[in-house]
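Structure, as structure tokens:
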Amino acid sequence: MKVLITGAGGFVGQILAKKLISTSTATSLILADVTAPPNPTSSQDVQCIAADLTDASAAEKLISREPDAVYILHGIMSSGSEANLELGLKVNFDSVRQLLDIIRVQRPGIKVVFTSSCAVFGRKAVESTATETDIVPMPESSYGTQKLMIECLINDYSRRGLIDGRIVRLPTVFVRAGAPTAAASSFVSGIVREPVHGTASELPVDPSIGIWLTSPRALAANLVHAIKAPAEGFGHYRQVLLPGYTATSGEILDALEKVAGKEVRALVREKRDETVQRIVLSWPAGYDTSRAKELGFEEDVGLEQTIRDFVEGEKKAS
Ligand SMILES: NC(=O)c1ccc[n+]([C@@H]2O[C@H](COP(=O)([O-])OP(=O)(O)OC[C@H]3O[C@@H](n4cnc5c(N)ncnc54)[C@H](O)[C@@H]3O)[C@@H](O)[C@H]2O)c1
């Protein structure tokens, strides 16, 4: 299967590319991003292409490479699209709609996986354990609004048989290697990643606030499963909440201390940022992921194992 990943230079795109090749799910890959992304695999059958997807001709050229499945990962993250409405709309909505329209005309019926977010829910979901269907999504950010609008389009195009859409709502990915991002949740990885590298880090929210997380390991496996799961399982709505687990920042720091020691934990200090705290409080901390289980998605490995994976991965990389 030839698979295209947009936004492939990003964190999720890189771990997904590796997993698609290591599980032999993809025989060849097209990795696209604003600048040509690195090839994170040892496979020669990987094309790394520079394509700004706000440009229709760049999107058409990509789809003319005839992928059998597309992962739409490119985007402007939550703080970035809150700070710049025009840019968020242009990338997260306009360019994705344009890409979907090119796919439905040039490659009708192929599988399209879209990475959405729990930011579609809004405050209502904070009061209960959310599922895909029991809460009317009322996003409280431009990012969540743009994601939700694309979800609606993918459901409609799938209903019409124009594409075979699969929408996965991701928990916050933790621990994320690399640089901090423009996501409001960036600190969650920062309070582990930076101290493990011997650098100080700030915790901007109350340590007792719970956050819904997924490990890179489980996420990569579940994204691969998203193109393997049978279309019938998804039914007339294509959204699925991916499995994850809830942890507070306090629990994360306790687990960090257990895995990496007291000195490492001591590099994190509390410095409240009311804007970040307000955004984080509008995200539900717990979800009912029984639909994901029914569709064969796998459970997460949990907090301590995730931190161990990260520490070992960084040791190997250094
Ligand atoms: N990481 C998370 O915690 C998380 C949580 C929920 C949802 N998601 C979603 O998963 C997807 C991947 O997330 P990520 O963490 O890898 O993000 P990321 O920011 O690391 O990567 C996004 C990539 O999109 C690219 N991009 C931006 N504008 C583009 C354009 N005009 N044309 C082509 N490429 C463009 C960027 O260059 C970047 O490499 C995103 O859609 C995100 O909304 C991520």
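We name chains A, B, ... following the order of the structure tokens; residues begin at 1 in each chain, and ligands are numbered from 1 as shown.
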- [ ] Check which residues fall inside 6 Å of ligand 1 when counting only C-alpha atoms and all ligand atoms, and print them as a ChimeraX atom specification.
- [x] /A:7,9-13,33-34,51-54,73-77,91,115-117,170-173
File of the preceding selection, N, CA, C and O atoms, as a CSV table (one decimal), in the first residue's frame:
```
chain,number,residue,atom,x,y,z
A,7,GLY,N,2.1,16.9,6.7
A,7,GLY,CA,2.6,17.3,8.1
A,7,GLY,C,3.5,16.2,8.6
A,7,GLY,O,3.7,16.1,9.8
A,9,GLY,N,6.7,16.0,8.7
A,9,GLY,CA,7.9,16.5,9.4
A,9,GLY,C,7.6,16.7,10.9
A,9,GLY,O,8.5,16.8,11.7
A,10,GLY,N,6.3,16.7,11.3
A,10,GLY,CA,6.0,16.9,12.7
A,10,GLY,C,6.2,15.6,13.5
A,10,GLY,O,6.6,14.6,13.0
A,11,PHE,N,6.0,15.8,14.8
A,11,PHE,CA,6.3,14.7,15.7
A,11,PHE,C,5.5,13.4,15.4
A,11,PHE,O,6.0,12.3,15.3
A,12,VAL,N,4.2,13.6,15.2
A,12,VAL,CA,3.3,12.4,15.0
A,12,VAL,C,3.6,11.8,13.6
A,12,VAL,O,3.7,10.6,13.5
A,13,GLY,N,3.8,12.6,12.6
A,13,GLY,CA,4.1,12.1,11.3
A,13,GLY,C,5.4,11.3,11.3
A,13,GLY,O,5.4,10.2,10.6
A,33,ASP,N,5.7,17.9,3.7
A,33,ASP,CA,5.6,19.0,4.7
A,33,ASP,C,6.0,20.3,4.0
A,33,ASP,O,6.4,20.3,2.9
A,34,VAL,N,5.9,21.4,4.7
A,34,VAL,CA,6.3,22.7,4.1
A,34,VAL,C,7.7,22.7,3.6
A,34,VAL,O,8.0,23.1,2.5
A,51,ALA,N,5.9,20.6,0.2
A,51,ALA,CA,4.6,21.0,-0.4
A,51,ALA,C,3.9,21.8,0.7
A,51,ALA,O,3.5,21.3,1.7
A,52,ASP,N,3.6,23.1,0.3
A,52,ASP,CA,2.8,23.9,1.2
A,52,ASP,C,1.3,23.6,0.8
A,52,ASP,O,0.9,24.0,-0.3
A,53,LEU,N,0.6,23.0,1.6
A,53,LEU,CA,-0.8,22.6,1.2
A,53,LEU,C,-1.8,23.7,1.2
A,53,LEU,O,-3.0,23.4,0.8
A,54,THR,N,-1.4,24.9,1.5
A,54,THR,CA,-2.4,26.0,1.2
A,54,THR,C,-2.4,26.3,-0.3
A,54,THR,O,-3.3,27.0,-0.8
A,73,LEU,N,-2.3,15.1,8.6
A,73,LEU,CA,-1.7,15.5,9.9
A,73,LEU,C,-1.3,16.9,9.9
A,73,LEU,O,-1.0,17.4,11.0
A,74,HIS,N,-1.2,17.6,8.8
A,74,HIS,CA,-0.6,18.9,8.8
A,74,HIS,C,-1.6,19.9,9.5
A,74,HIS,O,-2.8,19.7,9.5
A,75,GLY,N,-1.0,20.9,10.2
A,75,GLY,CA,-1.9,21.9,10.8
A,75,GLY,C,-1.1,22.8,11.7
A,75,GLY,O,0.1,22.7,11.9
A,76,ILE,N,-1.9,23.8,12.2
A,76,ILE,CA,-1.4,24.8,13.2
A,76,ILE,C,-2.0,24.4,14.5
A,76,ILE,O,-3.2,24.3,14.6
A,77,MET,N,-1.2,24.3,15.5
A,77,MET,CA,-1.7,23.7,16.8
A,77,MET,C,-2.5,24.7,17.6
A,77,MET,O,-2.6,25.9,17.2
A,91,VAL,N,-4.9,27.1,7.2
A,91,VAL,CA,-4.2,25.8,7.2
A,91,VAL,C,-5.2,24.7,7.7
A,91,VAL,O,-5.4,23.7,7.0
A,115,THR,N,-6.5,13.4,11.9
A,115,THR,CA,-6.2,13.5,13.3
A,115,THR,C,-6.9,14.7,13.9
A,115,THR,O,-6.5,15.9,13.7
A,116,SER,N,-8.0,14.5,14.6
A,116,SER,CA,-8.7,15.5,15.3
A,116,SER,C,-8.3,15.6,16.7
A,116,SER,O,-7.3,15.0,17.1
A,117,SER,N,-9.1,16.2,17.5
A,117,SER,CA,-8.6,16.5,18.9
A,117,SER,C,-9.8,16.5,19.9
A,117,SER,O,-11.0,16.8,19.5
A,170,LEU,N,-7.4,12.6,19.1
A,170,LEU,CA,-6.2,12.2,19.8
A,170,LEU,C,-6.2,12.8,21.2
A,170,LEU,O,-6.5,14.0,21.4
A,171,PRO,N,-5.7,12.1,22.2
A,171,PRO,CA,-5.4,12.7,23.5
A,171,PRO,C,-4.1,13.5,23.3
A,171,PRO,O,-3.5,13.4,22.2
A,172,THR,N,-3.6,14.2,24.3
A,172,THR,CA,-2.3,14.9,24.2
A,172,THR,C,-1.2,13.9,24.2
A,172,THR,O,-1.2,12.9,25.0
A,173,VAL,N,-0.3,14.0,23.2
A,173,VAL,CA,0.8,13.1,23.1
A,173,VAL,C,1.9,13.4,24.1
A,173,VAL,O,2.4,14.5,24.1
```
TODO: Select from range 150-244 of chain A everything DSSP, run on the backbone, classes as strand (DSSP E), then give the selection as a count of residues only.
DONE: 20
- [ ] List every residue of range 98-144 of chain A that DSSP, applied to the backbone, labels as helix (DSSP H, G or I), and write the result as a ChimeraX atom specification.
- [x] /A:98-106,118-120,123-127,142-144
Next, dump the selected residues to file, keeping only all heavy atoms, as a short mmCIF file (atom, residue, chain, number, x, y, z; two decimals), in the first residue's frame.
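Result saved to out.cif:
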```
data_model
loop_
_atom_site.label_atom_id
_atom_site.label_comp_id
_atom_site.auth_asym_id
_atom_site.auth_seq_id
_atom_site.Cartn_x
_atom_site.Cartn_y
_atom_site.Cartn_z
N GLN A 98 -9.65 21.75 0.79
CA GLN A 98 -9.13 21.68 -0.58
C GLN A 98 -8.53 20.30 -0.88
O GLN A 98 -8.80 19.70 -1.92
CB GLN A 98 -8.07 22.77 -0.70
CG GLN A 98 -7.34 22.86 -2.01
CD GLN A 98 -6.45 24.09 -1.97
OE1 GLN A 98 -6.87 25.17 -2.36
NE2 GLN A 98 -5.23 23.94 -1.48
N LEU A 99 -7.76 19.79 0.09
CA LEU A 99 -7.14 18.48 -0.10
C LEU A 99 -8.20 17.38 -0.21
O LEU A 99 -8.12 16.50 -1.08
CB LEU A 99 -6.18 18.20 1.07
CG LEU A 99 -5.37 16.92 1.01
CD1 LEU A 99 -4.42 16.91 -0.19
CD2 LEU A 99 -4.56 16.71 2.30
N LEU A 100 -9.21 17.44 0.65
CA LEU A 100 -10.28 16.43 0.59
C LEU A 100 -10.99 16.47 -0.76
O LEU A 100 -11.35 15.44 -1.33
CB LEU A 100 -11.30 16.68 1.71
CG LEU A 100 -10.83 16.38 3.14
CD1 LEU A 100 -11.84 16.90 4.16
CD2 LEU A 100 -10.62 14.88 3.33
N ASP A 101 -11.19 17.68 -1.29
CA ASP A 101 -11.87 17.81 -2.58
C ASP A 101 -11.02 17.25 -3.72
O ASP A 101 -11.54 16.63 -4.65
CB ASP A 101 -12.27 19.27 -2.83
CG ASP A 101 -13.46 19.68 -1.97
OD1 ASP A 101 -14.20 18.77 -1.51
OD2 ASP A 101 -13.65 20.88 -1.73
N ILE A 102 -9.71 17.46 -3.63
CA ILE A 102 -8.83 16.89 -4.65
C ILE A 102 -8.85 15.36 -4.55
O ILE A 102 -8.94 14.66 -5.55
CB ILE A 102 -7.39 17.45 -4.49
CG1 ILE A 102 -7.40 18.96 -4.77
CG2 ILE A 102 -6.42 16.74 -5.43
CD1 ILE A 102 -6.12 19.68 -4.34
N ILE A 103 -8.79 14.85 -3.31
CA ILE A 103 -8.80 13.38 -3.12
C ILE A 103 -10.09 12.79 -3.68
O ILE A 103 -10.08 11.79 -4.40
CB ILE A 103 -8.64 13.02 -1.62
CG1 ILE A 103 -7.25 13.41 -1.12
CG2 ILE A 103 -8.89 11.53 -1.40
CD1 ILE A 103 -7.06 13.32 0.39
N ARG A 104 -11.24 13.40 -3.36
CA ARG A 104 -12.52 12.77 -3.77
C ARG A 104 -12.68 12.78 -5.29
O ARG A 104 -13.37 11.93 -5.85
CB ARG A 104 -13.71 13.42 -3.07
CG ARG A 104 -14.08 14.80 -3.54
CD ARG A 104 -15.32 15.29 -2.82
NE ARG A 104 -15.52 16.71 -2.98
CZ ARG A 104 -16.14 17.26 -4.02
NH1 ARG A 104 -16.62 16.51 -4.99
NH2 ARG A 104 -16.28 18.58 -4.09
N VAL A 105 -11.99 13.72 -5.97
CA VAL A 105 -12.07 13.75 -7.44
C VAL A 105 -11.00 12.84 -8.06
O VAL A 105 -11.30 12.03 -8.92
CB VAL A 105 -11.92 15.20 -7.95
CG1 VAL A 105 -11.82 15.23 -9.47
CG2 VAL A 105 -13.10 16.04 -7.48
N GLN A 106 -9.74 12.98 -7.56
CA GLN A 106 -8.63 12.24 -8.20
C GLN A 106 -8.47 10.80 -7.71
O GLN A 106 -7.97 9.95 -8.43
CB GLN A 106 -7.31 12.98 -7.96
CG GLN A 106 -7.18 14.27 -8.75
CD GLN A 106 -5.76 14.85 -8.61
OE1 GLN A 106 -4.81 14.18 -8.24
NE2 GLN A 106 -5.63 16.13 -8.92
N CYS A 118 -9.53 16.32 21.14
CA CYS A 118 -10.56 16.44 22.17
C CYS A 118 -10.94 17.90 22.36
O CYS A 118 -11.91 18.20 23.07
CB CYS A 118 -10.06 15.84 23.47
SG CYS A 118 -9.73 14.08 23.26
N ALA A 119 -10.22 18.82 21.71
CA ALA A 119 -10.57 20.25 21.77
C ALA A 119 -11.90 20.54 21.07
O ALA A 119 -12.42 21.64 21.16
CB ALA A 119 -9.46 21.08 21.15
N VAL A 120 -12.47 19.55 20.36
CA VAL A 120 -13.78 19.77 19.73
C VAL A 120 -14.90 19.85 20.78
O VAL A 120 -15.96 20.40 20.51
CB VAL A 120 -14.16 18.66 18.70
CG1 VAL A 120 -13.18 18.63 17.55
CG2 VAL A 120 -14.28 17.30 19.36
N ARG A 123 -16.52 22.94 27.18
CA ARG A 123 -16.72 22.80 28.63
C ARG A 123 -17.75 21.75 29.04
O ARG A 123 -17.62 21.12 30.06
CB ARG A 123 -17.15 24.16 29.18
CG ARG A 123 -16.89 24.31 30.64
CD ARG A 123 -16.91 25.75 31.04
NE ARG A 123 -16.17 26.58 30.08
CZ ARG A 123 -16.10 27.89 30.16
NH1 ARG A 123 -16.73 28.53 31.11
NH2 ARG A 123 -15.40 28.59 29.28
N LYS A 124 -18.80 21.56 28.21
CA LYS A 124 -19.86 20.60 28.55
C LYS A 124 -19.30 19.24 28.92
O LYS A 124 -19.77 18.58 29.84
CB LYS A 124 -20.80 20.44 27.35
CG LYS A 124 -21.97 21.39 27.39
CD LYS A 124 -23.16 20.70 28.02
CE LYS A 124 -24.28 21.65 28.28
NZ LYS A 124 -24.98 21.35 29.51
N ALA A 125 -18.26 18.84 28.14
CA ALA A 125 -17.71 17.51 28.33
C ALA A 125 -16.91 17.39 29.62
O ALA A 125 -16.66 16.29 30.10
CB ALA A 125 -16.83 17.14 27.14
N VAL A 126 -16.50 18.54 30.20
CA VAL A 126 -15.72 18.49 31.43
C VAL A 126 -16.56 17.94 32.57
O VAL A 126 -16.07 17.32 33.50
CB VAL A 126 -15.18 19.89 31.78
CG1 VAL A 126 -14.37 19.88 33.06
CG2 VAL A 126 -14.32 20.42 30.64
N GLU A 127 -17.88 18.16 32.45
CA GLU A 127 -18.78 17.77 33.54
C GLU A 127 -19.12 16.28 33.56
O GLU A 127 -19.72 15.79 34.49
CB GLU A 127 -20.08 18.58 33.43
CG GLU A 127 -19.84 20.06 33.69
CD GLU A 127 -20.84 20.95 32.96
OE1 GLU A 127 -21.91 20.45 32.57
OE2 GLU A 127 -20.52 22.13 32.76
N SER A 142 -10.41 28.29 18.52
CA SER A 142 -10.47 28.29 17.05
C SER A 142 -9.97 26.95 16.52
O SER A 142 -10.50 26.40 15.55
CB SER A 142 -9.64 29.43 16.48
OG SER A 142 -10.21 30.66 16.88
N TYR A 143 -8.94 26.40 17.16
CA TYR A 143 -8.39 25.10 16.77
C TYR A 143 -9.48 24.02 16.81
O TYR A 143 -9.69 23.29 15.84
CB TYR A 143 -7.25 24.77 17.73
CG TYR A 143 -6.63 23.40 17.63
CD1 TYR A 143 -5.74 23.08 16.61
CD2 TYR A 143 -6.89 22.43 18.61
CE1 TYR A 143 -5.13 21.82 16.55
CE2 TYR A 143 -6.29 21.18 18.56
CZ TYR A 143 -5.41 20.89 17.53
OH TYR A 143 -4.81 19.65 17.48
N GLY A 144 -10.20 23.95 17.95
CA GLY A 144 -11.26 22.95 18.09
C GLY A 144 -12.36 23.16 17.07
O GLY A 144 -12.93 22.21 16.52
#
```
Task: 10 Å contact set for range 289-298 of chain A, only C-alpha atoms, chain neighbours under 6 positions out, as a ChimeraX atom specification - done: /A:129-132,168,218-219,221-226,228-234,239-244
Can you spit out the residues from that selection as a PDB file, in the first residue's frame, using C-alpha atoms?
```
ATOM      1  CA  THR A 129     -17.178  11.246  30.893  1.00  0.00           C
ATOM      2  CA  ALA A 130     -17.396  12.045  27.212  1.00  0.00           C
ATOM      3  CA  THR A 131     -18.093   9.579  24.408  1.00  0.00           C
ATOM      4  CA  GLU A 132     -18.273  10.300  20.674  1.00  0.00           C
ATOM      5  CA  VAL A 168      -9.305   9.881  15.288  1.00  0.00           C
ATOM      6  CA  ALA A 218       0.309   3.466  21.642  1.00  0.00           C
ATOM      7  CA  LEU A 219      -0.506   6.367  19.341  1.00  0.00           C
ATOM      8  CA  ALA A 221       0.086   1.599  16.796  1.00  0.00           C
ATOM      9  CA  ASN A 222      -3.420   3.077  16.912  1.00  0.00           C
ATOM     10  CA  LEU A 223      -2.858   5.342  13.914  1.00  0.00           C
ATOM     11  CA  VAL A 224      -1.711   2.317  11.912  1.00  0.00           C
ATOM     12  CA  HIS A 225      -4.822   0.467  13.079  1.00  0.00           C
ATOM     13  CA  ALA A 226      -6.935   3.389  11.837  1.00  0.00           C
ATOM     14  CA  LYS A 228      -6.656  -1.378   8.995  1.00  0.00           C
ATOM     15  CA  ALA A 229      -9.998  -1.295  10.844  1.00  0.00           C
ATOM     16  CA  PRO A 230     -12.898  -2.334   8.570  1.00  0.00           C
ATOM     17  CA  ALA A 231     -15.009   0.535   7.204  1.00  0.00           C
ATOM     18  CA  GLU A 232     -18.272  -1.108   8.371  1.00  0.00           C
ATOM     19  CA  GLY A 233     -17.139  -0.759  11.999  1.00  0.00           C
ATOM     20  CA  PHE A 234     -17.200   3.019  11.747  1.00  0.00           C
ATOM     21  CA  GLN A 239     -15.191   9.773  14.805  1.00  0.00           C
ATOM     22  CA  VAL A 240     -13.396   7.630  17.340  1.00  0.00           C
ATOM     23  CA  LEU A 241     -11.815   8.707  20.621  1.00  0.00           C
ATOM     24  CA  LEU A 242      -8.439   7.003  20.847  1.00  0.00           C
ATOM     25  CA  PRO A 243      -7.539   5.160  24.062  1.00  0.00           C
ATOM     26  CA  GLY A 244      -5.476   7.088  26.601  1.00  0.00           C
TER      27      GLY A 244
END
```
Show me a table, sorted first by chain and then by increasing residue number, of the residues of range 198-229 of chain A having an atom at most 12 Å from range 263-270 of chain A, each with its shortest atom pair and the distance in Å to one decimal, counting only C-alpha atoms and written as a tab-separated table.
```
residue	atom	partner	partner_atom	distance
A:Gly198	CA	A:Val264	CA	7.0
A:Thr199	CA	A:Leu267	CA	6.8
A:Ala200	CA	A:Leu267	CA	4.7
A:Ser201	CA	A:Val268	CA	4.8
A:Glu202	CA	A:Arg269	CA	5.1
A:Leu203	CA	A:Glu270	CA	4.7
A:Pro204	CA	A:Glu270	CA	6.2
A:Val205	CA	A:Glu270	CA	7.6
A:Asp206	CA	A:Glu270	CA	8.2
A:Pro207	CA	A:Glu270	CA	8.5
```
Write a file of the just-selected residues containing C-alpha atoms, as a PDB file, in the first residue's frame.
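The resulting file, part04.pdb, is reproduced below:
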```pdb
ATOM      1  CA  GLY A 198      19.221  18.607  32.618  1.00  0.00           C
ATOM      2  CA  THR A 199      17.329  21.829  31.824  1.00  0.00           C
ATOM      3  CA  ALA A 200      14.904  23.737  34.076  1.00  0.00           C
ATOM      4  CA  SER A 201      11.197  23.690  33.187  1.00  0.00           C
ATOM      5  CA  GLU A 202       8.052  25.501  34.358  1.00  0.00           C
ATOM      6  CA  LEU A 203       4.699  24.006  35.334  1.00  0.00           C
ATOM      7  CA  PRO A 204       2.058  26.622  34.381  1.00  0.00           C
ATOM      8  CA  VAL A 205      -1.036  24.905  35.853  1.00  0.00           C
ATOM      9  CA  ASP A 206      -2.237  23.605  39.214  1.00  0.00           C
ATOM     10  CA  PRO A 207      -0.551  20.191  39.724  1.00  0.00           C
TER      11      PRO A 207
END
```
Write out as a Markdown table the residues of range 95-199 of chain A that have any atom within 9 Å of an atom of range 251-257 of chain A, one row each with the nearest atom pair and its distance in Å to one decimal, counting only C-alpha atoms, sorted by chain and then rising number.
```
| residue | atom | partner | partner_atom | distance |
| --- | --- | --- | --- | --- |
| A:Val188 | CA | A:Ile252 | CA | 8.5 |
| A:Ile191 | CA | A:Leu253 | CA | 7.6 |
| A:Val192 | CA | A:Leu256 | CA | 6.7 |
| A:Val196 | CA | A:Leu256 | CA | 8.7 |
```
Open item on the list: Give me the residues near Ala26 in chain A as a ChimeraX atom specification, where near means some atom within 7 Å (using only C-alpha atoms) and where sequence neighbours in that chain fewer than 2 positions away do not count.
Closed with: /A:1-3,20-21,24,28-29
Write a file of the just-selected residues containing N, CA and C atoms, as a CSV table (one decimal), in the first residue's frame.
```csv
chain,number,residue,atom,x,y,z
A,1,MET,N,0.8,-1.2,0.0
A,1,MET,CA,0.0,0.0,0.0
A,1,MET,C,0.9,1.3,0.0
A,2,LYS,N,0.6,2.2,-0.9
A,2,LYS,CA,1.3,3.5,-0.9
A,2,LYS,C,0.6,4.5,-0.1
A,3,VAL,N,1.3,5.0,0.9
A,3,VAL,CA,0.6,5.9,1.9
A,3,VAL,C,1.2,7.3,1.9
A,20,LEU,N,4.5,2.6,10.2
A,20,LEU,CA,3.9,2.0,8.9
A,20,LEU,C,4.9,1.1,8.2
A,21,ILE,N,6.2,1.5,8.2
A,21,ILE,CA,7.2,0.7,7.6
A,21,ILE,C,7.5,-0.5,8.4
A,24,SER,N,5.1,-3.3,8.1
A,24,SER,CA,4.8,-3.6,6.7
A,24,SER,C,3.4,-3.2,6.3
A,28,SER,N,5.3,1.6,0.4
A,28,SER,CA,6.0,2.9,0.1
A,28,SER,C,5.3,4.1,0.8
A,29,LEU,N,6.1,5.1,1.0
A,29,LEU,CA,5.5,6.3,1.7
A,29,LEU,C,5.8,7.6,0.9
```
Task: Residue with smallest distance to Ser185 in chain A - pool A:Gln305, A:Ser128, A:Ser79, A:Ser42, counting only C-alpha atoms - done: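 Ranked by minimum distance to Ser185 in chain A, first place goes to A:Ser79.
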- [ ] Measuring atom to atom with only C-alpha atoms, identify which of A:Leu16, A:Leu31, A:Ala177, A:Ile135 is nearest to Phe121 in chain A.
- [x] A:Ile135
Find the residues of range 150-195 of chain A that sit at most 12 Å from range 313-317 of chain A; for each, write down the nearest two atoms and how far apart they are in Å, to one decimal. Count only C-alpha atoms. Sort by chain, then by number going up, and give it as a tab-separated table.
```
residue	atom	partner	partner_atom	distance
A:Val175	CA	A:Gly313	CA	10.8
A:Arg176	CA	A:Glu314	CA	11.1
A:Ala177	CA	A:Glu314	CA	8.3
A:Gly178	CA	A:Glu314	CA	10.1
A:Val192	CA	A:Glu314	CA	11.7
A:Arg193	CA	A:Glu314	CA	9.2
A:Glu194	CA	A:Glu314	CA	11.4
```
Could those residues be written to a file, using C-alpha atoms, as a PDB file, in the first residue's frame?
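This went into result.pdb:
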```pdb
ATOM      1  CA  VAL A 175       6.230  12.487  26.187  1.00  0.00           C
ATOM      2  CA  ARG A 176       6.952  14.357  23.006  1.00  0.00           C
ATOM      3  CA  ALA A 177      10.642  14.477  22.047  1.00  0.00           C
ATOM      4  CA  GLY A 178      12.141  17.551  20.368  1.00  0.00           C
ATOM      5  CA  VAL A 192       9.614  15.627  31.713  1.00  0.00           C
ATOM      6  CA  ARG A 193      11.662  16.259  28.570  1.00  0.00           C
ATOM      7  CA  GLU A 194      13.559  19.351  29.749  1.00  0.00           C
TER       8      GLU A 194
END
```
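Counting from CA of Tyr157 in chain A, the distance to CA of Val112 in chain A is 10.6 Å.
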